[in-house]
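Contents: one structure, followed by commentary.
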Amino acid sequence: MREKKEYYTGMFQWAMLFLNCTAVVFICTFIYVTTNRIRAHYDARNFLGNVMTIPNNPRMNLWFCLVLLGMLVINFIFRHFLQSEHSRGAAFSLVAELLICVVIIYRLDFNYNGLLLLVFANVIAYIKDSKAKMGFLLFAIGGYLLADYELLSIYMPLFNMSDYVRYYTFTSQQWLSCIWNTMISLNIIMFISYCFSVINIQRGTIEEVNKLYHDLQNANEQLSEYADMAEKMAQTNERNRIAREIHDTLGHRLTGIIAGLDACLALADVAPQEVKKQLGVLADVSREGIREVRRSVSELRPDAVEKLSLNAAIRKMVTDMGKVTDTQIYFDAGGEKLEFGDDESNIIYRVIQESITNAVRHGHAGQIWVSLKRIDGEVLLEIRDDGIGCKELNSGFGTRHMKERIEMLGGTIAFDGQKGFTVTAHIPIRWG
Amino acid sequence: MKILPKRGCKYLFIPIILLLLFAAGIVFYALKPRSVVLEFGMFTGSNWNVANANSFVIIDNAIARFEAEHPGVKVHYYSGVPKEEYSEWLSRKILAGEEPDVFMVLGSDFDQFSSIGIMKNLEELIETDETFATEKFFSSALSTGKYGNAQYALPYETVPTLMFVNQTLLTKEGIETPESDWNWEDMYAICSQVTRDLDGDGILDQFGICNYDWLDAVYSNGGEIFQSNGKNCYLAEDNVIDAVKYVRQLNELYQGQKVVRENFNEGNVAFMPLTFAEYRTYKTYPYKIKRYANFKWDCITMPAGTDGDNVSQVDTLLMGISANTRKEELAWEFLKLLTYDEEIQTQIFSHSQGASVLRAVTQSAEMEAIVQAEMEEGETVISGRLLGKVIEEGYTAPQFKKYEQALSLTNSEIGEILENDTTIESNMKILQRTINSYLQQ
């Protein structure tokens with residue numbers, strides 16, 4: 001759609017160039033031919049008696065204008081085919097075009113200033129900013145009105161086309177002014193339509209951008225609805241699974257235990273020995289149930305921490321992060337095997353995860369070093385990066401959560417954003 | 001459509017340089033000095049409507065000197081254009097943009113050519129040239145080359161109008177040749193005295209004056225016909241009306257008879273205004289034999305009107321430079337040589353019929369000697385002092401576009417008034433309105 005519109009504005013430019021060249025050639029040739037005619041009829045003195053002034057040398061003028069028009073066309077072709085739309089080359093070419101047109105208009109003693117419209121049309125296409133475009137348009141219209149023959153001829157002697165037209169018979173005069181006025185009007189009409197089409201394209205672009213923005217917003221809303229729905233579905237699925245699990249394991253065992261206990265109650269007075277035996281079985285069943293509950297609970301836990309050792313979990317995270325970002329992450333676990341409780345593993349894992357995320361997202365780090373070591377009676381956790389760091393700590397980076405978590409383990413945590421970003425945590429060793 | 005985005009800028013200079021070279025080449029070709037030729041435009045024959053066989057001599061001499069002083073420069077002139085065709089010839093050249101660098105310009109063309117910007121404004125050249133002083137010219141002659149307030153042409157040759165006196169007739173009637181400060185009354189008295197029927201056939205055959213124009217009377221009565229900018233005429237002014245009345249008074253002496261030039265040639269008229277050129281022509285061989293052979297004659301100033309002086313019209317042949325000349329300096333030098341050089345200007349007296357536009361030349365003893373040499377012994381020569389006075393005080397017609405047409409319109413209307421026995425005052429007022437509305441169109 002846009003391509004097509006640009007094609008049309010290009011066509012307008014070509015058409016205006018053609019029309020203006022025709023007009024200039026028409027004037028020059030007309031003046032030259034008429035001059036020869038006057039000379040051939042020995043009417044020169046009479047003619048000179050009725051003019052304001054005359055062009056210097058009509059033949060030279062014709063050649064001069066033809067050369068300038070040639071330059072104008074070459075310049076136009078050059079800009080159109082070899083220059084991108086808003087490059088400096090195009091700007092140079094426009095300035096050259098303006099100069100050529102001004103010289104031609106001056107040579108024609110302002111009898112035809114339509115060339116200015118051609119330049120203005122091309123400049124309007126060049127200027128991107130719509131305000132500047134409007135400003136230039138006003139300036140251009142002012143310039144066009146000022147370069148008017150009728151106005152300027154008050155201040156300086158200028159030759160007048162109509163003096164030459166008047167030399168012909170009345171019918172020829174009518175034809176000549178008809179042709180001439182048609183060319184002038186056509187040029188103005190083309191300029192106005194051109195301006196409209198440029199403004200239309202621009203308005204089209206704005207509408208397109210607005211529409212795309214609107215679509216994007218809709219898509220975002222839909223996505224968040226989907227996310228909500230997916231979360232709810234996952235929750236429901238999970239609840240169903242837990243319910244099934246409870247029903248299958250705990251429910252089944254408890255039913256068995258209740259039935260066993262009821263039997264024990266009935267047997268208690270008649271066969272205490274049987275009851276004892278029965279209770280033994282029930283205790284086994286209960287233990288079995290406990291085991292099943294544990295197994296279920298352990299199955300319900302989602303994180304790698306629970307399935308792998310802490311070190312392995314951290315390595316996996318580092319590798320995964322390395323895969324999805326350009327950041328190089330190095331993990332140093334020291335030589336010693338460290339033992340952590342579930343809660344400790346969890347918190348350390350979370351702190352490292354959060355720090356790496358921060359380093360990548362806010363610090364734009366290229367490299368991150370993670371080290372987890374035992375020093376004296378403490379575990380030292382350090383996450384350091386070579387990113388841009390930060391002058392002031394921002395609570396939004398999740399530092400508050402990290403602090404709370406480490407404090408739950410009785411440890412301390414410090415942040416330093418001076419050179420890259422460094423997170424240092426000391427955690428007391430629990431296992432002795 | 002755009003094939004080379006961004007990096008095209010680097011190649012921008014190639015076509016621009018090519019374009020510039022192309023343009024420079026064309027300009028260079030157009031301006032290339034093949035060999036310096038200065039074109040000069042002139043007409044053959046005399047500007048003063050008298051026969052002149054020597055019209056090229058002064059120009060040829062000037063060109064020879066100019067080419068000697070400026071090696072490598074040739075001056076070319078177009079020969080064979082008669083005066084009547086000169087205006088059209090020059091206009092055709094101008095229209096094609098091929099006008100000569102320096103050219104003669106007729107009085108009837110000067111204002112129009114200046115107004116359409118063909119004549120170069122000489123003010124700057126005059127101001128920057130230290131060897132040039134406008135004071136050396138007769139101010140009346142210089143002022144004919146002015147358009148608006150600027151000098152657009154320089155005078156080359158000038159011709160004042162003088163009053164011819166038939167000395168034989170006056171002597172016969174016992175009247176002395178009038179002094180140069182004579183006036184209308186003196187002239188009227190002489191005219192009424194000499195206007196007679198000599199052979200008694202009832203028809204007048206000796207007259208006082210012929211060809212005395214109402215304009216001659218206006219100029220010598222301190223009058224003017226047109227405002228210098230050509231917007232108004234002064235036909236209803238007292239000194240103009242008095243002049244017309246005076247002419248009618250003179251005409252009435254002849255009782256309706258027409259006095260023509262032939263009457264003067266036959267020796268039957270006491271006075272006739274003629275130009276200095278005619279004086280020169282008819283004083284010298286061979287024309288002296290053809291005309292005026294049977295009486296002695298001389299010339300004096302025009303008679304002064306009641307409100308004026310002994311002033312007559314001065315005609316000047318002008319030369320100017322084309323506004324489009326590319327050889328401005330050479331053109332100026334050549335124009336100066338023709339108009340400002342005393343040696344060349346002195347040749348006007350020996351090879352042409354007019355007078356020099358330079359005070360020093362016209363008022364010199366050399367001029368008197370040259371003019372004397374062409375005359376028979378015993379003929380009195382007009383003194384340089386008198387000639388200088390007539391030129392200096394001479395009336396020059398204003399320069400504006402409609403001058404020629406307005407003047408011929410006025411002339412024919414006043415001719416009507418003089419012919420018919422009507423009231424001059426009221427008719428002149430009506431005429432003034434008519435002419436003003438023509439001028440202000």
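Labeling convention for the structure tokens: chains A, B, ... as they appear, residues from 1 per chain, ligands from 1 in order of appearance.
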*Name the residues of range 221-316 of chain B that fall into alpha helix (DSSP H) according to DSSP on the backbone, using the chain letters and numbers of this document, as a ChimeraX atom specification.*
/B:238-252,261-265,276-283,287-290
File dump, residues just selected, C-alpha atoms, as a compact mmCIF listing (two decimals), in the first residue's frame:
# COMPACT_ATOMS: atom_id res chain seq x y z
CA ASP B 238 2.08 83.08 -20.60
CA ASN B 239 5.46 82.85 -22.32
CA VAL B 240 4.23 80.06 -24.61
CA ILE B 241 1.00 81.92 -25.46
CA ASP B 242 2.99 85.12 -26.10
CA ALA B 243 5.30 83.22 -28.45
CA VAL B 244 2.37 81.80 -30.44
CA LYS B 245 0.82 85.24 -30.57
CA TYR B 246 4.11 86.69 -31.85
CA VAL B 247 4.29 84.11 -34.64
CA ARG B 248 0.72 84.87 -35.65
CA GLN B 249 1.58 88.57 -35.61
CA LEU B 250 4.48 87.93 -38.01
CA ASN B 251 2.32 85.74 -40.25
CA GLU B 252 -0.31 88.46 -40.44
CA ARG B 261 12.24 78.48 -48.44
CA GLU B 262 12.44 79.18 -52.14
CA ASN B 263 11.64 82.80 -51.44
CA PHE B 264 14.73 82.99 -49.21
CA ASN B 265 16.86 81.21 -51.77
CA PHE B 276 24.74 75.54 -38.06
CA ALA B 277 25.16 72.51 -40.30
CA GLU B 278 23.28 74.21 -43.08
CA TYR B 279 25.37 77.31 -42.54
CA ARG B 280 28.52 75.24 -42.98
CA THR B 281 27.16 73.41 -46.00
CA TYR B 282 25.86 76.35 -47.94
CA LYS B 283 28.86 78.53 -47.16
CA TYR B 287 26.61 74.20 -52.48
CA LYS B 288 27.38 77.85 -52.27
CA ILE B 289 27.05 78.07 -56.05
CA LYS B 290 23.76 76.18 -56.09
*Write out as a list in words which residues come within 8 Å of Ser312 in chain B when counting only C-alpha atoms, dropping same-chain ones fewer than 6 positions away.*
Pro160, Thr161, Leu162, Asp216, Tyr219, Ser220, Thr301, Met302, Val390, Glu393, Gly394 and Tyr395 of chain B
Restricted to N, CA and C atoms, what would the selected residues look like written as a CSV table (one decimal), in the first residue's frame?
chain,number,residue,atom,x,y,z
B,160,PRO,N,23.6,74.0,-33.3
B,160,PRO,CA,22.7,75.0,-32.8
B,160,PRO,C,21.8,75.5,-34.0
B,161,THR,N,20.7,76.1,-33.7
B,161,THR,CA,19.9,76.8,-34.7
B,161,THR,C,20.3,78.3,-34.7
B,162,LEU,N,20.5,78.8,-35.9
B,162,LEU,CA,21.0,80.2,-36.0
B,162,LEU,C,20.0,80.9,-36.9
B,216,ASP,N,10.6,78.0,-32.1
B,216,ASP,CA,11.7,79.0,-32.0
B,216,ASP,C,11.4,80.1,-31.1
B,219,TYR,N,11.3,79.0,-27.3
B,219,TYR,CA,12.6,78.8,-26.7
B,219,TYR,C,13.2,80.2,-26.4
B,220,SER,N,13.1,81.1,-27.3
B,220,SER,CA,13.7,82.4,-27.1
B,220,SER,C,12.9,83.3,-26.1
B,301,THR,N,22.3,85.4,-33.9
B,301,THR,CA,21.5,84.6,-32.9
B,301,THR,C,20.0,84.9,-33.2
B,302,MET,N,19.2,84.1,-32.5
B,302,MET,CA,17.7,84.3,-32.6
B,302,MET,C,17.3,85.5,-31.8
B,390,VAL,N,25.9,80.4,-28.2
B,390,VAL,CA,24.7,79.9,-28.7
B,390,VAL,C,24.5,78.4,-28.3
B,393,GLU,N,24.1,78.2,-24.3
B,393,GLU,CA,22.8,78.7,-23.8
B,393,GLU,C,21.7,78.0,-24.5
B,394,GLY,N,22.0,77.2,-25.4
B,394,GLY,CA,21.0,76.5,-26.3
B,394,GLY,C,20.0,75.7,-25.5
B,395,TYR,N,18.8,75.6,-26.1
B,395,TYR,CA,17.7,74.9,-25.4
B,395,TYR,C,17.8,73.4,-25.9
*Glu342 in chain B surroundings by only C-alpha atoms, 12 Å radius, close-in-sequence under 6 positions cut, as a ChimeraX atom specification*: /B:62,136-137,156,336,348-349,356-364,366-367
Include C-alpha atoms and write out the residues we just selected as a PDB file, in the first residue's frame.
ATOM      1  CA  ALA B  62      39.874  57.770 -34.676  1.00  0.00           C
ATOM      2  CA  LYS B 136      34.831  70.351 -20.769  1.00  0.00           C
ATOM      3  CA  PHE B 137      31.597  69.675 -22.647  1.00  0.00           C
ATOM      4  CA  TYR B 156      29.724  63.717 -30.290  1.00  0.00           C
ATOM      5  CA  LYS B 336      36.168  58.983 -24.979  1.00  0.00           C
ATOM      6  CA  ILE B 348      34.438  67.707 -36.880  1.00  0.00           C
ATOM      7  CA  PHE B 349      35.001  71.195 -38.242  1.00  0.00           C
ATOM      8  CA  SER B 356      32.456  70.189 -31.544  1.00  0.00           C
ATOM      9  CA  VAL B 357      30.864  69.450 -28.205  1.00  0.00           C
ATOM     10  CA  LEU B 358      34.013  70.556 -26.384  1.00  0.00           C
ATOM     11  CA  ARG B 359      34.122  74.196 -25.326  1.00  0.00           C
ATOM     12  CA  ALA B 360      37.848  74.526 -25.900  1.00  0.00           C
ATOM     13  CA  VAL B 361      37.612  73.217 -29.486  1.00  0.00           C
ATOM     14  CA  THR B 362      34.560  75.173 -30.628  1.00  0.00           C
ATOM     15  CA  GLN B 363      35.816  78.432 -29.164  1.00  0.00           C
ATOM     16  CA  SER B 364      39.365  78.058 -30.496  1.00  0.00           C
ATOM     17  CA  GLU B 366      41.878  76.868 -34.944  1.00  0.00           C
ATOM     18  CA  MET B 367      38.192  76.233 -35.534  1.00  0.00           C
TER      19      MET B 367
END
Find the spatial neighbours of range 259-274 of chain A, counting only C-alpha atoms, within a cut-off of 12 Å - ignore same-chain residues fewer than 6 positions away - and output them as a compact mmCIF listing (two decimals) with N, CA and C atoms, in the first residue's frame.
# COMPACT_ATOMS: atom_id res chain seq x y z
N GLY A 251 -5.81 -41.98 52.06
CA GLY A 251 -7.19 -42.45 52.21
C GLY A 251 -7.25 -43.96 52.27
N HIS A 252 -6.51 -44.57 51.34
CA HIS A 252 -6.50 -46.03 51.27
C HIS A 252 -5.94 -46.62 52.56
N ARG A 253 -4.80 -46.11 53.02
CA ARG A 253 -4.17 -46.62 54.25
C ARG A 253 -5.06 -46.38 55.44
N GLY A 280 0.18 -54.78 65.39
CA GLY A 280 1.52 -54.82 64.72
C GLY A 280 1.37 -54.58 63.24
N VAL A 281 0.40 -55.30 62.64
CA VAL A 281 0.15 -55.12 61.19
C VAL A 281 -0.20 -53.68 60.90
N LEU A 282 -1.12 -53.12 61.76
CA LEU A 282 -1.57 -51.72 61.54
C LEU A 282 -0.40 -50.73 61.59
N ALA A 283 0.49 -50.99 62.57
CA ALA A 283 1.68 -50.11 62.68
C ALA A 283 2.48 -50.16 61.40
N ASP A 284 2.64 -51.40 60.86
CA ASP A 284 3.38 -51.52 59.60
C ASP A 284 2.69 -50.74 58.49
N VAL A 285 1.37 -50.93 58.44
CA VAL A 285 0.60 -50.22 57.39
C VAL A 285 0.78 -48.70 57.53
N SER A 286 0.71 -48.22 58.81
CA SER A 286 0.87 -46.78 59.05
C SER A 286 2.23 -46.30 58.55
*Pick out the residues sitting within 8 Å of Val194 in chain B, and hand them over as a PyMOL selection string; count only C-alpha atoms, and ignore anything fewer than 4 positions along from it in its own chain.*
chain B and resi 173+190+206-208+270
*Hey, which of A:Gln353, A:Asn220, A:Ser177, A:Thr236 ends up closest to Gly398 in chain A? Count only C-alpha atoms.*
A:Gln353
Report the closest atom pair, with its distance in Å rounded to one decimal, for each residue of chain A that has an atom no farther than 9 Å from chain B; count only C-alpha atoms, sort by chain and then rising residue number, and write it as a tab-separated table.
residue	atom	partner	partner_atom	distance
A:Tyr7	CA	B:Met1	CA	8.8
A:Tyr32	CA	B:Ala96	CA	8.4
A:Thr35	CA	B:Leu95	CA	6.4
A:Asn36	CA	B:Ala96	CA	7.7
A:Ile38	CA	B:Arg92	CA	8.1
A:Arg39	CA	B:Arg92	CA	5.5
A:Ala40	CA	B:Arg92	CA	8.9
A:Tyr42	CA	B:Glu88	CA	6.8
A:Asp43	CA	B:Glu88	CA	7.4
A:Ala44	CA	B:Ser91	CA	5.1
A:Arg45	CA	B:Glu88	CA	5.0
A:Asn46	CA	B:Glu88	CA	8.2
A:Phe47	CA	B:Ser91	CA	8.6
A:Leu48	CA	B:Ser91	CA	7.0
A:Gly49	CA	B:Gln112	CA	6.4
A:Val51	CA	B:Ile116	CA	7.2
A:Met52	CA	B:Ile116	CA	5.4
A:Thr53	CA	B:Ile116	CA	4.1
A:Ile54	CA	B:Ile116	CA	7.0
A:Pro55	CA	B:Gly97	CA	7.8
A:Asn56	CA	B:Gly97	CA	5.2
A:Asn57	CA	B:Gly97	CA	4.0
A:Pro58	CA	B:Ala96	CA	6.3
A:Arg59	CA	B:Ala96	CA	7.5
A:Met60	CA	B:Gly97	CA	8.7
A:Phe64	CA	B:Ile26	CA	8.8
A:Val67	CA	B:Ala23	CA	7.9
A:Leu68	CA	B:Ala23	CA	8.4
A:Met71	CA	B:Leu19	CA	6.7
A:Ile74	CA	B:Pro15	CA	8.4
A:Asn75	CA	B:Pro15	CA	8.0
A:Phe78	CA	B:Pro15	CA	7.9
A:Arg79	CA	B:Lys2	CA	8.8
A:His80	CA	B:Lys2	CA	6.8
A:Phe81	CA	B:Lys2	CA	5.3
A:Leu82	CA	B:Leu4	CA	5.5
A:Gln83	CA	B:Gly8	CA	5.4
A:Ser84	CA	B:Pro5	CA	4.3
A:Glu85	CA	B:Lys2	CA	7.2
A:His86	CA	B:Lys6	CA	8.6
A:Ser87	CA	B:Lys6	CA	6.0
A:Arg88	CA	B:Cys9	CA	6.3
A:Gly89	CA	B:Cys9	CA	4.5
A:Ala90	CA	B:Cys9	CA	7.9
A:Phe92	CA	B:Leu12	CA	8.3
A:Ser93	CA	B:Leu12	CA	8.3
A:Ala96	CA	B:Ile16	CA	8.7
A:Pro157	CA	B:Ile116	CA	7.2
A:Leu158	CA	B:Ile116	CA	8.9
A:Phe159	CA	B:Ile116	CA	8.8
*Within 7 Å of Pro100 in chain B, counting only C-alpha atoms, which residues qualify if same-chain residues fewer than 3 places away don't, as a list in words?*
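Everything that qualifies: Glu39, Phe40, Gly41, Phe103 and Ser322 of chain B.
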Can those selected residues be exported to a file as a CSV table (one decimal), in the first residue's frame so that it contains N, CA and C atoms?
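Generated output (selection_29.csv):
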chain,number,residue,atom,x,y,z
B,39,GLU,N,33.1,46.5,-31.6
B,39,GLU,CA,32.1,46.8,-32.7
B,39,GLU,C,31.6,48.2,-32.5
B,40,PHE,N,31.5,48.9,-33.6
B,40,PHE,CA,31.1,50.3,-33.6
B,40,PHE,C,29.9,50.5,-34.5
B,41,GLY,N,28.8,51.0,-34.0
B,41,GLY,CA,27.6,51.2,-34.9
B,41,GLY,C,27.5,52.7,-35.3
B,103,PHE,N,28.0,52.8,-30.0
B,103,PHE,CA,27.2,53.1,-31.2
B,103,PHE,C,26.6,54.5,-31.1
B,322,SER,N,26.9,49.9,-25.2
B,322,SER,CA,25.9,48.9,-24.9
B,322,SER,C,26.0,48.5,-23.5
*Could you jot down the CA of Asp186 in chain B to CA of Thr168 in chain B separation for me, Å, one decimal place?*
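If I compute the distance from CA of Asp186 in chain B to CA of Thr168 in chain B, I get 18.2 Å.
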*Mind checking which residues fall within 12 Å of Glu329 in chain B, counting only C-alpha atoms, ignoring those fewer than 5 positions away in the same chain, and posting them as a ChimeraX atom specification?*
/B:38,70,101-102,122,124-126,128-129,321-322,334-336
Keeping N, CA and C atoms, export the residues of the selection given above as a compact mmCIF listing (two decimals), in the first residue's frame.
# COMPACT_ATOMS: atom_id res chain seq x y z
N LEU B 38 36.26 45.34 -31.25
CA LEU B 38 35.29 46.28 -30.70
C LEU B 38 34.36 46.67 -31.84
N HIS B 70 46.04 50.76 -28.85
CA HIS B 70 45.68 49.50 -28.20
C HIS B 70 46.03 48.34 -29.13
N ASP B 101 29.34 47.45 -29.48
CA ASP B 101 29.78 47.87 -28.14
C ASP B 101 29.59 49.38 -27.97
N VAL B 102 29.97 50.11 -29.01
CA VAL B 102 29.81 51.57 -28.97
C VAL B 102 28.96 51.92 -30.19
N LEU B 122 26.62 55.59 -17.67
CA LEU B 122 28.05 55.93 -17.72
C LEU B 122 28.56 56.58 -16.43
N GLU B 124 29.26 55.66 -13.43
CA GLU B 124 30.37 55.06 -12.70
C GLU B 124 31.69 55.23 -13.45
N LEU B 125 31.63 55.05 -14.77
CA LEU B 125 32.83 55.20 -15.59
C LEU B 125 33.35 56.64 -15.51
N ILE B 126 32.41 57.59 -15.55
CA ILE B 126 32.80 59.00 -15.49
C ILE B 126 33.45 59.30 -14.15
N THR B 128 34.95 57.22 -12.01
CA THR B 128 36.22 56.56 -11.71
C THR B 128 37.35 57.02 -12.64
N ASP B 129 36.99 57.62 -13.77
CA ASP B 129 38.02 58.06 -14.71
C ASP B 129 38.53 59.45 -14.34
N ILE B 321 27.37 53.41 -25.01
CA ILE B 321 27.96 52.07 -24.90
C ILE B 321 26.81 51.10 -24.61
N SER B 322 26.89 49.93 -25.19
CA SER B 322 25.87 48.92 -24.91
C SER B 322 25.96 48.46 -23.46
N PHE B 334 37.22 54.10 -26.30
CA PHE B 334 36.90 54.48 -27.68
C PHE B 334 35.87 55.61 -27.72
N LEU B 335 34.89 55.49 -26.83
CA LEU B 335 33.87 56.55 -26.74
C LEU B 335 34.52 57.87 -26.36
N LYS B 336 35.46 57.78 -25.44
CA LYS B 336 36.17 58.98 -24.98
C LYS B 336 36.99 59.58 -26.12
*Atomic separation - CA of Asn181 in chain A relative to CA of Tyr168 in chain A, Å*: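 Between CA of Tyr168 in chain A and CA of Asn181 in chain A the gap works out to 16.9 Å.
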*Counting only C-alpha atoms, the option among B:Phe28, B:Phe295, B:Phe138, B:Phe110 closest to Thr171 in chain B*: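 Selected residue with least distance to Thr171 in chain B: B:Phe295.
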_Taking the DSSP secondary structure from the backbone, can you list the residues of range 10-48 of chain B that are strand (DSSP E or B), as a list in words?_
Val37, Leu38, Glu39, Phe40, Gly41 and Thr44 of chain B
